[in-house]
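run_29.cif (mmCIF, C-alpha atoms and all ligand atoms) appears below.
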data_my_file
loop_
_atom_site.group_PDB
_atom_site.id
_atom_site.type_symbol
_atom_site.label_atom_id
_atom_site.label_comp_id
_atom_site.auth_asym_id
_atom_site.auth_seq_id
_atom_site.Cartn_x
_atom_site.Cartn_y
_atom_site.Cartn_z
ATOM 1 C CA MET A 243 19.819 0.279 9.557
ATOM 2 C CA SER A 244 19.725 -1.571 12.889
ATOM 3 C CA GLU A 245 21.459 -4.915 13.206
ATOM 4 C CA GLU A 246 18.167 -6.511 14.148
ATOM 5 C CA LEU A 247 16.683 -5.532 10.787
ATOM 6 C CA SER A 248 19.645 -6.498 8.658
ATOM 7 C CA ASN A 249 19.510 -10.060 10.027
ATOM 8 C CA GLN A 250 16.066 -10.659 8.530
ATOM 9 C CA SER A 251 15.315 -11.171 4.891
ATOM 10 C CA PRO A 252 13.517 -8.193 3.380
ATOM 11 C CA LEU A 253 9.863 -8.408 2.386
ATOM 12 C CA VAL A 254 10.551 -5.991 -0.450
ATOM 13 C CA ARG A 255 13.827 -5.618 -2.297
ATOM 14 C CA LEU A 256 14.466 -3.133 -5.100
ATOM 15 C CA ASN A 257 17.783 -3.104 -6.892
ATOM 16 C CA ASP A 258 18.760 -0.637 -9.623
ATOM 17 C CA VAL A 259 15.142 -0.056 -10.469
ATOM 18 C CA VAL A 260 13.861 2.535 -12.905
ATOM 19 C CA ILE A 261 10.122 3.076 -12.906
ATOM 20 C CA GLY A 262 7.754 4.769 -15.310
ATOM 21 C CA TYR A 263 5.564 4.006 -18.286
ATOM 22 C CA ASN A 264 7.861 5.022 -21.098
ATOM 23 C CA PRO A 265 11.604 4.271 -21.358
ATOM 24 C CA GLU A 266 12.051 7.697 -23.022
ATOM 25 C CA SER A 267 10.792 9.472 -19.906
ATOM 26 C CA PRO A 268 11.531 7.445 -16.771
ATOM 27 C CA LEU A 269 9.967 8.778 -13.584
ATOM 28 C CA VAL A 270 12.129 7.638 -10.666
ATOM 29 C CA THR A 271 15.445 5.802 -10.236
ATOM 30 C CA ILE A 272 15.859 3.707 -7.104
ATOM 31 C CA PRO A 273 19.418 2.387 -6.637
ATOM 32 C CA GLN A 274 18.510 0.186 -3.661
ATOM 33 C CA MET A 275 15.650 -0.163 -1.247
ATOM 34 C CA ASN A 276 14.852 -2.928 1.235
ATOM 35 C CA ILE A 277 11.762 -3.091 3.429
ATOM 36 C CA TYR A 278 11.811 -5.452 6.415
ATOM 37 C CA PRO A 279 9.103 -7.264 8.418
ATOM 38 C CA GLY A 280 7.387 -5.002 10.944
ATOM 39 C CA GLU A 281 8.339 -1.781 9.157
ATOM 40 C CA ILE A 282 6.204 1.182 8.195
ATOM 41 C CA VAL A 283 7.696 3.114 5.315
ATOM 42 C CA ALA A 284 6.253 6.305 3.900
ATOM 43 C CA ILE A 285 6.804 7.501 0.349
ATOM 44 C CA ALA A 286 6.448 11.259 0.220
ATOM 45 C CA GLY A 287 6.855 13.856 -2.486
ATOM 46 C CA PRO A 288 4.934 16.332 -4.602
ATOM 47 C CA SER A 289 2.022 15.484 -6.851
ATOM 48 C CA GLY A 290 2.861 13.784 -10.142
ATOM 49 C CA VAL A 291 6.377 12.748 -9.129
ATOM 50 C CA GLY A 292 5.659 8.997 -9.355
ATOM 51 C CA LYS A 293 4.593 7.900 -5.852
ATOM 52 C CA THR A 294 1.584 5.901 -7.039
ATOM 53 C CA THR A 295 3.638 4.419 -9.865
ATOM 54 C CA LEU A 296 6.282 3.244 -7.383
ATOM 55 C CA LEU A 297 3.604 1.613 -5.228
ATOM 56 C CA ARG A 298 1.998 -0.033 -8.262
ATOM 57 C CA THR A 299 5.409 -1.274 -9.384
ATOM 58 C CA ILE A 300 6.061 -2.901 -6.005
ATOM 59 C CA ALA A 301 2.559 -4.403 -6.093
ATOM 60 C CA GLY A 302 3.348 -5.958 -9.475
ATOM 61 C CA LEU A 303 0.698 -3.916 -11.300
ATOM 62 C CA VAL A 304 3.228 -1.961 -13.373
ATOM 63 C CA ARG A 305 6.432 -3.482 -14.754
ATOM 64 C CA PRO A 306 9.664 -1.689 -13.876
ATOM 65 C CA LEU A 307 11.434 -0.186 -16.913
ATOM 66 C CA SER A 308 14.568 -1.933 -15.649
ATOM 67 C CA GLY A 309 15.981 -3.532 -12.516
ATOM 68 C CA VAL A 310 14.856 -6.090 -9.975
ATOM 69 C CA VAL A 311 11.755 -5.859 -7.797
ATOM 70 C CA GLU A 312 11.264 -8.694 -5.333
ATOM 71 C CA VAL A 313 8.325 -9.090 -2.988
ATOM 72 C CA CYS A 314 8.275 -11.903 -0.414
ATOM 73 C CA GLY A 315 11.326 -13.370 -2.168
ATOM 74 C CA LYS A 316 9.630 -13.525 -5.571
ATOM 75 C CA SER A 317 10.467 -11.305 -8.496
ATOM 76 C CA SER A 318 7.736 -9.218 -10.071
ATOM 77 C CA SER A 319 7.661 -11.422 -13.149
ATOM 78 C CA ASP A 320 6.590 -14.423 -11.028
ATOM 79 C CA LYS A 321 3.038 -14.620 -9.891
ATOM 80 C CA LEU A 322 2.795 -13.449 -6.302
ATOM 81 C CA PRO A 323 1.210 -15.775 -3.763
ATOM 82 C CA ARG A 324 -2.504 -15.070 -3.710
ATOM 83 C CA GLY A 325 -3.509 -12.687 -0.973
ATOM 84 C CA GLU A 326 -0.023 -11.751 0.271
ATOM 85 C CA VAL A 327 -0.150 -8.190 -1.035
ATOM 86 C CA GLY A 328 -2.990 -5.915 0.005
ATOM 87 C CA TYR A 329 -3.381 -2.753 -2.034
ATOM 88 C CA ILE A 330 -5.499 0.214 -0.986
ATOM 89 C CA PRO A 331 -5.595 2.323 -4.148
ATOM 90 C CA GLN A 332 -5.879 6.095 -4.184
ATOM 91 C CA ARG A 333 -9.065 5.678 -6.217
ATOM 92 C CA LEU A 334 -10.605 3.095 -4.000
ATOM 93 C CA GLY A 335 -12.091 0.701 -6.545
ATOM 94 C CA LEU A 336 -15.094 -0.194 -4.392
ATOM 95 C CA VAL A 337 -18.264 -1.690 -5.858
ATOM 96 C CA ARG A 338 -20.459 1.370 -5.430
ATOM 97 C CA HIS A 339 -23.896 -0.200 -5.612
ATOM 98 C CA ALA A 340 -22.938 -3.052 -3.246
ATOM 99 C CA SER A 341 -22.924 -2.979 0.550
ATOM 100 C CA VAL A 342 -20.003 -2.442 2.906
ATOM 101 C CA MET A 343 -20.178 -6.151 3.866
ATOM 102 C CA HIS A 344 -20.122 -7.250 0.221
ATOM 103 C CA ASN A 345 -17.058 -5.127 -0.520
ATOM 104 C CA VAL A 346 -15.144 -6.267 2.551
ATOM 105 C CA MET A 347 -16.021 -9.927 1.785
ATOM 106 C CA LEU A 348 -14.233 -9.457 -1.566
ATOM 107 C CA GLY A 349 -11.077 -8.797 0.450
ATOM 108 C CA ALA A 350 -11.687 -11.719 2.824
ATOM 109 C CA ASN A 351 -12.143 -14.059 -0.145
ATOM 110 C CA ALA A 352 -9.017 -12.720 -1.886
ATOM 111 C CA GLY A 353 -7.095 -13.828 1.201
ATOM 112 C CA HIS A 354 -7.430 -17.507 0.229
ATOM 113 C CA LYS A 355 -3.968 -18.891 -0.013
ATOM 114 C CA SER A 356 -4.879 -20.703 -3.221
ATOM 115 C CA SER A 357 -7.832 -20.293 -5.493
ATOM 116 C CA TRP A 358 -8.939 -23.919 -5.270
ATOM 117 C CA GLU A 359 -8.564 -24.293 -1.516
ATOM 118 C CA LEU A 360 -11.554 -22.238 -0.478
ATOM 119 C CA LEU A 361 -11.560 -20.704 2.928
ATOM 120 C CA PRO A 362 -14.667 -21.857 4.809
ATOM 121 C CA SER A 363 -17.107 -19.007 4.298
ATOM 122 C CA SER A 364 -17.654 -18.682 8.058
ATOM 123 C CA THR A 365 -13.952 -17.820 8.463
ATOM 124 C CA ALA A 366 -14.043 -15.293 5.626
ATOM 125 C CA LYS A 367 -17.159 -13.785 7.164
ATOM 126 C CA LYS A 368 -15.513 -13.589 10.593
ATOM 127 C CA HIS A 369 -12.504 -11.787 9.084
ATOM 128 C CA ALA A 370 -14.815 -9.370 7.271
ATOM 129 C CA LEU A 371 -16.883 -8.598 10.377
ATOM 130 C CA GLU A 372 -13.767 -8.030 12.490
ATOM 131 C CA ALA A 373 -12.282 -5.700 9.888
ATOM 132 C CA ILE A 374 -15.529 -3.708 9.561
ATOM 133 C CA SER A 375 -15.730 -3.373 13.316
ATOM 134 C CA SER A 376 -12.096 -2.298 13.626
ATOM 135 C CA MET A 377 -12.774 0.533 11.169
ATOM 136 C CA GLY A 378 -15.807 1.672 13.201
ATOM 137 C CA LEU A 379 -18.262 0.826 10.425
ATOM 138 C CA ASP A 380 -20.653 -1.566 12.260
ATOM 139 C CA GLU A 381 -23.572 0.813 11.748
ATOM 140 C CA LYS A 382 -22.946 0.985 7.998
ATOM 141 C CA ILE A 383 -22.545 -2.702 7.285
ATOM 142 C CA ARG A 384 -25.607 -3.010 4.992
ATOM 143 C CA GLU A 385 -25.250 0.462 3.469
ATOM 144 C CA PRO A 386 -24.332 0.711 -0.224
ATOM 145 C CA ILE A 387 -20.982 2.410 -0.808
ATOM 146 C CA ARG A 388 -22.454 5.277 -2.844
ATOM 147 C CA ARG A 389 -24.331 6.483 0.259
ATOM 148 C CA LEU A 390 -21.150 6.822 2.335
ATOM 149 C CA SER A 391 -18.924 9.877 2.749
ATOM 150 C CA GLY A 392 -15.452 9.952 1.190
ATOM 151 C CA GLY A 393 -13.792 9.215 4.534
ATOM 152 C CA GLN A 394 -16.147 6.313 5.249
ATOM 153 C CA GLN A 395 -15.433 4.847 1.815
ATOM 154 C CA ARG A 396 -11.712 5.060 2.535
ATOM 155 C CA ARG A 397 -12.278 3.121 5.751
ATOM 156 C CA VAL A 398 -14.219 0.451 3.820
ATOM 157 C CA ALA A 399 -11.249 0.057 1.458
ATOM 158 C CA THR A 400 -8.951 -0.291 4.488
ATOM 159 C CA ALA A 401 -11.287 -2.892 6.037
ATOM 160 C CA ARG A 402 -11.340 -4.780 2.723
ATOM 161 C CA THR A 403 -7.545 -5.024 2.816
ATOM 162 C CA LEU A 404 -7.372 -5.987 6.512
ATOM 163 C CA ALA A 405 -9.953 -8.759 5.909
ATOM 164 C CA GLN A 406 -7.599 -10.173 3.304
ATOM 165 C CA SER A 407 -4.889 -10.657 6.015
ATOM 166 C CA PRO A 408 -2.022 -9.716 3.677
ATOM 167 C CA LEU A 409 1.636 -9.719 4.651
ATOM 168 C CA LEU A 410 2.366 -6.478 2.872
ATOM 169 C CA ILE A 411 -0.061 -3.560 2.816
ATOM 170 C CA MET A 412 0.365 -0.830 0.240
ATOM 171 C CA ALA A 413 -1.759 2.196 0.954
ATOM 172 C CA ASP A 414 -2.031 5.177 -1.381
ATOM 173 C CA GLU A 415 -3.026 8.372 0.465
ATOM 174 C CA PHE A 416 -5.388 6.268 2.600
ATOM 175 C CA LEU A 417 -5.702 8.896 5.323
ATOM 176 C CA SER A 418 -7.041 11.674 3.131
ATOM 177 C CA GLU A 419 -10.578 12.891 3.773
ATOM 178 C CA LEU A 420 -10.439 11.690 7.389
ATOM 179 C CA ASP A 421 -10.845 14.001 10.372
ATOM 180 C CA GLU A 422 -8.020 14.032 12.952
ATOM 181 C CA GLY A 423 -9.687 11.577 15.351
ATOM 182 C CA THR A 424 -10.622 9.052 12.672
ATOM 183 C CA MET A 425 -7.191 9.357 11.090
ATOM 184 C CA ALA A 426 -5.505 8.461 14.391
ATOM 185 C CA MET A 427 -7.880 5.510 14.846
ATOM 186 C CA VAL A 428 -7.281 4.107 11.329
ATOM 187 C CA LEU A 429 -3.537 4.531 11.682
ATOM 188 C CA ASP A 430 -3.526 2.802 15.103
ATOM 189 C CA VAL A 431 -5.458 -0.195 13.788
ATOM 190 C CA VAL A 432 -3.299 -0.618 10.684
ATOM 191 C CA THR A 433 -0.042 -0.078 12.621
ATOM 192 C CA GLU A 434 -1.035 -2.703 15.174
ATOM 193 C CA TYR A 435 -1.927 -5.125 12.387
ATOM 194 C CA VAL A 436 1.496 -4.650 10.787
ATOM 195 C CA ARG A 437 3.448 -5.018 14.035
ATOM 196 C CA GLU A 438 1.504 -8.131 15.068
ATOM 197 C CA SER A 439 1.519 -9.884 11.717
ATOM 198 C CA GLY A 440 5.228 -9.226 11.099
ATOM 199 C CA GLY A 441 4.257 -7.741 7.767
ATOM 200 C CA ALA A 442 5.003 -4.278 6.457
ATOM 201 C CA LEU A 443 3.129 -1.157 5.434
ATOM 202 C CA ILE A 444 4.185 1.072 2.590
ATOM 203 C CA VAL A 445 2.167 4.220 2.546
ATOM 204 C CA VAL A 446 2.147 7.006 0.006
ATOM 205 C CA GLU A 447 1.602 10.331 1.716
ATOM 206 C CA HIS A 448 1.997 13.692 0.019
ATOM 207 C CA ASP A 449 1.870 15.473 3.392
ATOM 208 C CA ILE A 450 5.468 15.254 4.616
ATOM 209 C CA SER A 451 4.776 16.061 8.273
ATOM 210 C CA ARG A 452 2.067 13.376 8.372
ATOM 211 C CA ALA A 453 4.456 10.934 6.679
ATOM 212 C CA LYS A 454 7.123 11.690 9.293
ATOM 213 C CA SER A 455 4.742 11.184 12.178
ATOM 214 C CA MET A 456 3.509 7.768 11.050
ATOM 215 C CA ALA A 457 6.508 6.026 9.556
ATOM 216 C CA ASP A 458 9.695 4.371 10.769
ATOM 217 C CA ARG A 459 11.399 5.506 7.584
ATOM 218 C CA MET A 460 10.531 7.930 4.879
ATOM 219 C CA LEU A 461 11.495 8.042 1.236
ATOM 220 C CA VAL A 462 11.252 11.455 -0.294
ATOM 221 C CA ILE A 463 10.979 11.555 -4.037
ATOM 222 C CA ASP A 464 12.317 14.940 -5.006
ATOM 223 C CA ASP A 465 11.296 16.622 -8.186
ATOM 224 C CA GLY A 466 13.417 17.541 -11.161
ATOM 225 C CA ARG A 467 16.875 18.125 -9.733
ATOM 226 C CA VAL A 468 18.876 16.291 -12.354
ATOM 227 C CA ASN A 469 16.579 16.292 -15.309
ATOM 228 C CA PRO A 470 12.944 17.325 -15.564
ATOM 229 C CA PHE A 471 12.006 13.707 -16.170
ATOM 230 C CA ILE A 472 14.359 11.879 -13.851
ATOM 231 C CA THR A 473 13.957 12.161 -10.130
ATOM 232 C CA GLU A 474 16.203 10.602 -7.545
ATOM 233 C CA ILE A 475 15.053 9.407 -4.170
ATOM 234 C CA THR A 476 17.084 11.674 -1.901
ATOM 235 C CA SER A 477 19.352 9.966 0.572
ATOM 236 C CA MET A 478 18.736 12.550 3.281
ATOM 237 C CA GLU A 479 15.621 11.034 4.723
ATOM 238 C CA VAL A 480 16.232 7.447 3.770
ATOM 239 C CA LYS A 481 18.084 4.999 5.934
ATOM 240 C CA LEU A 482 18.737 2.106 3.629
HETATM 241 N N1 LIG B 1 -1.026 4.543 -16.767
HETATM 242 C C1 LIG B 1 -0.214 5.580 -17.048
HETATM 243 N N2 LIG B 1 0.359 5.710 -18.267
HETATM 244 C C2 LIG B 1 1.196 6.725 -18.559
HETATM 245 N N3 LIG B 1 1.516 7.701 -17.681
HETATM 246 C C3 LIG B 1 0.974 7.647 -16.455
HETATM 247 C C4 LIG B 1 0.086 6.578 -16.065
HETATM 248 N N4 LIG B 1 -0.287 6.780 -14.784
HETATM 249 C C5 LIG B 1 0.343 7.910 -14.374
HETATM 250 N N5 LIG B 1 1.100 8.431 -15.368
HETATM 251 C C6 LIG B 1 1.941 9.648 -15.293
HETATM 252 O O1 LIG B 1 3.054 9.357 -14.470
HETATM 253 C C7 LIG B 1 3.380 10.485 -13.654
HETATM 254 C C8 LIG B 1 3.414 10.081 -12.197
HETATM 255 O O2 LIG B 1 2.100 9.743 -11.772
HETATM 256 P P1 LIG B 1 1.787 9.185 -10.322
HETATM 257 O O3 LIG B 1 2.654 8.013 -10.060
HETATM 258 O O4 LIG B 1 0.323 8.972 -10.234
HETATM 259 O O5 LIG B 1 2.252 10.397 -9.393
HETATM 260 P P2 LIG B 1 1.919 10.746 -7.865
HETATM 261 O O6 LIG B 1 1.245 9.562 -7.244
HETATM 262 O O7 LIG B 1 3.250 11.051 -7.239
HETATM 263 O O8 LIG B 1 1.055 11.947 -7.856
HETATM 264 C C9 LIG B 1 2.366 11.561 -13.977
HETATM 265 O O9 LIG B 1 2.956 12.436 -14.915
HETATM 266 C C10 LIG B 1 1.224 10.798 -14.606
HETATM 267 O O10 LIG B 1 0.532 11.598 -15.524
HETATM 268 MG MG MG B 2 -0.665 9.328 -6.423
#
Just dump the structure as structure tokens.
Ligand SMILES: Nc1ncnc2c1ncn2[C@@H]1O[C@H](COP(=O)(O)OP(=O)(O)O)[C@@H](O)[C@H]1O
Ligand SMILES: [Mg+2]
Amino acid sequence: MSEELSNQSPLVRLNDVVIGYNPESPLVTIPQMNIYPGEIVAIAGPSGVGKTTLLRTIAGLVRPLSGVVEVCGKSSSDKLPRGEVGYIPQRLGLVRHASVMHNVMLGANAGHKSSWELLPSSTAKKHALEAISSMGLDEKIREPIRRLSGGQQRRVATARTLAQSPLLIMADEFLSELDEGTMAMVLDVVTEYVRESGGALIVVEHDISRAKSMADRMLVIDDGRVNPFITEITSMEVKL
């Protein structure tokens, strides 16, 4: 790790963490992992190994089986500050009958720093319009989600998260279904957002060469070396 990084406090800190849904069959053990402001970290590995579960654990959606998970200095048992963590799920969770604008406004509104201190709606709207534009979706703004292609829907989910202005973005296979040109565009926009905001991006990517090309660091979760149920994050690719 560079000296520059180690002088900052990490946005994400995992210590002796075991993740999974059942203590009898843990999925992944993570001795230590820190993610620093400005970093893009890819989590790679085969299907079913626990990549999504790791992301959901960091996002506070799944409790770790044991160990400490801290995000923005708060442990996962505390309530995270509203809006600080943006999550782009693998299954996008868009409102299918509602328009692109409606869906992205949900993100902009989730970015309120507290639920009672409402962002003026003109500001939320401005954030939403900027995010839609940055994802090249101006033409689709009034279109209901169900009429969009898979790749377009993925871009709406990305716009929804950008409109939220989170510090930490967690993206689960968010580049799938995109053609090469669109993929490069989406990645450029999100990378620039992360570098400028001093936040971080954690991206799950099953395609290892794609993961390598986009990330500063890569964590490879390797399947079944020790025990069919326990996988270790290999130290080869990780610079912790
Ligand atoms: N909510 C859940 N409850 C119990 N088991 C689950 C749940 N979600 C996923 N799993 C199981 O956990 C394992 C890892 O899943 P997942 O994290 O989605 O893997 P990946 O994203 O690497 O493909 C799989 O065996 C999956 O069936
Ligand atoms: Mg997954």
As a check of understanding, name the residues that the PyMOL selection byres (((chain A and resi 296-305) around 9) and not hetatm) selects in the supplied structure, as a PDB file with C-alpha atoms, keeping the file's coordinate frame.
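Listing of expr.pdb after writing:
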ATOM      1  CA  VAL A 254      10.551  -5.991  -0.450  1.00  0.00           C
ATOM      2  CA  LEU A 256      14.466  -3.133  -5.100  1.00  0.00           C
ATOM      3  CA  ILE A 261      10.122   3.076 -12.906  1.00  0.00           C
ATOM      4  CA  GLY A 262       7.754   4.769 -15.310  1.00  0.00           C
ATOM      5  CA  TYR A 263       5.564   4.006 -18.286  1.00  0.00           C
ATOM      6  CA  VAL A 270      12.129   7.638 -10.666  1.00  0.00           C
ATOM      7  CA  ILE A 285       6.804   7.501   0.349  1.00  0.00           C
ATOM      8  CA  GLY A 292       5.659   8.997  -9.355  1.00  0.00           C
ATOM      9  CA  LYS A 293       4.593   7.900  -5.852  1.00  0.00           C
ATOM     10  CA  THR A 294       1.584   5.901  -7.039  1.00  0.00           C
ATOM     11  CA  THR A 295       3.638   4.419  -9.865  1.00  0.00           C
ATOM     12  CA  PRO A 306       9.664  -1.689 -13.876  1.00  0.00           C
ATOM     13  CA  LEU A 307      11.434  -0.186 -16.913  1.00  0.00           C
ATOM     14  CA  SER A 308      14.568  -1.933 -15.649  1.00  0.00           C
ATOM     15  CA  VAL A 311      11.755  -5.859  -7.797  1.00  0.00           C
ATOM     16  CA  GLU A 312      11.264  -8.694  -5.333  1.00  0.00           C
ATOM     17  CA  VAL A 313       8.325  -9.090  -2.988  1.00  0.00           C
ATOM     18  CA  SER A 317      10.467 -11.305  -8.496  1.00  0.00           C
ATOM     19  CA  SER A 318       7.736  -9.218 -10.071  1.00  0.00           C
ATOM     20  CA  SER A 319       7.661 -11.422 -13.149  1.00  0.00           C
ATOM     21  CA  LYS A 321       3.038 -14.620  -9.891  1.00  0.00           C
ATOM     22  CA  LEU A 322       2.795 -13.449  -6.302  1.00  0.00           C
ATOM     23  CA  VAL A 327      -0.150  -8.190  -1.035  1.00  0.00           C
ATOM     24  CA  GLY A 328      -2.990  -5.915   0.005  1.00  0.00           C
ATOM     25  CA  TYR A 329      -3.381  -2.753  -2.034  1.00  0.00           C
ATOM     26  CA  PRO A 331      -5.595   2.323  -4.148  1.00  0.00           C
ATOM     27  CA  MET A 412       0.365  -0.830   0.240  1.00  0.00           C
ATOM     28  CA  ALA A 413      -1.759   2.196   0.954  1.00  0.00           C
ATOM     29  CA  ASP A 414      -2.031   5.177  -1.381  1.00  0.00           C
ATOM     30  CA  ILE A 444       4.185   1.072   2.590  1.00  0.00           C
ATOM     31  CA  VAL A 445       2.167   4.220   2.546  1.00  0.00           C
ATOM     32  CA  VAL A 446       2.147   7.006   0.006  1.00  0.00           C
TER      33      VAL A 446
END
Problem set entry | the PyMOL selection byres (((chain A and resi 420) around 9) and not hetatm) applied to the shown file, residues as a PyMOL selection string | chain A and resi 392-394+396-397+416-419+421-425
Enclose stretch 272-288 of chain A, meaning all of its atoms listed in the file, in a box aligned along x, y and z, pad it by 3 Å on each side, and list the centre and edge lengths in Å to one decimal, as JSON.
{"center_x": 12.2, "center_y": 4.5, "center_z": 1.9, "size_x": 20.5, "size_y": 29.6, "size_z": 24.0}
For this session: Can you give me, as a ChimeraX atom specification, the residues this file yields under the PyMOL selection byres (((chain A and resi 443) around 7) and not hetatm)?
Result: /A:281-283,410-412,436,442,444-445
For this session: Please provide as a VMD selection string all residues within 12 Å of A:Glu434, with the sequence filter that same-chain residues fewer than 4 positions apart are discarded (counting all atoms listed in the file).
Result: chain A and resid 280 to 282 376 404 427 to 430 438 to 443
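Atom pair atom O8 of ligand LIG 1 (chain B) / atom CA of A:Leu348: separated by 27.0 Å.
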Exercise. How many Å lie between atom CA of A:Ile387 and atom CA of A:Thr400, rounded to one decimal?
Worked result: 13.4 Å
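Atom pair atom CA of A:Leu379 / atom CA of A:Thr403: separated by 14.4 Å.
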Can you pull out the residues contacting stretch 271-273 of chain A? Cut-off 6 Å, using all atoms listed in the file, and skip same-chain residues under 5 positions away; I want them as a PDB file with C-alpha atoms, keeping the file's coordinate frame.
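Below is the file out09.pdb, written as the result:
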ATOM      1  CA  ASN A 257      17.783  -3.104  -6.892  1.00  0.00           C
ATOM      2  CA  ASP A 258      18.760  -0.637  -9.623  1.00  0.00           C
ATOM      3  CA  VAL A 259      15.142  -0.056 -10.469  1.00  0.00           C
ATOM      4  CA  VAL A 260      13.861   2.535 -12.905  1.00  0.00           C
ATOM      5  CA  GLU A 474      16.203  10.602  -7.545  1.00  0.00           C
TER       6      GLU A 474
END
Select all residues near (-25.5, 5.6, -7.2) (cut-off 9 Å, inclusive, file coordinates), counting all atoms listed in the file, and output them as a PDB file with C-alpha atoms, in the coordinates of the input.
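Resulting contents of selection08.pdb:
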ATOM      1  CA  ARG A 338     -20.459   1.370  -5.430  1.00  0.00           C
ATOM      2  CA  HIS A 339     -23.896  -0.200  -5.612  1.00  0.00           C
ATOM      3  CA  PRO A 386     -24.332   0.711  -0.224  1.00  0.00           C
ATOM      4  CA  ILE A 387     -20.982   2.410  -0.808  1.00  0.00           C
ATOM      5  CA  ARG A 388     -22.454   5.277  -2.844  1.00  0.00           C
ATOM      6  CA  ARG A 389     -24.331   6.483   0.259  1.00  0.00           C
TER       7      ARG A 389
END
For this session: For A:Leu371, please output as a PyMOL selection string all residues within 9 Å (counting only C-alpha atoms; exclusion window: fewer than 2 positions along the same chain).
Result: chain A and resi 343+346-347+366-369+373-376+380+383+405
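Using all atoms listed in the file, the shortest contact distance between A:Leu336 and any of A:Gly349, A:Leu390, A:Val310, A:Ala399 is found at A:Ala399.
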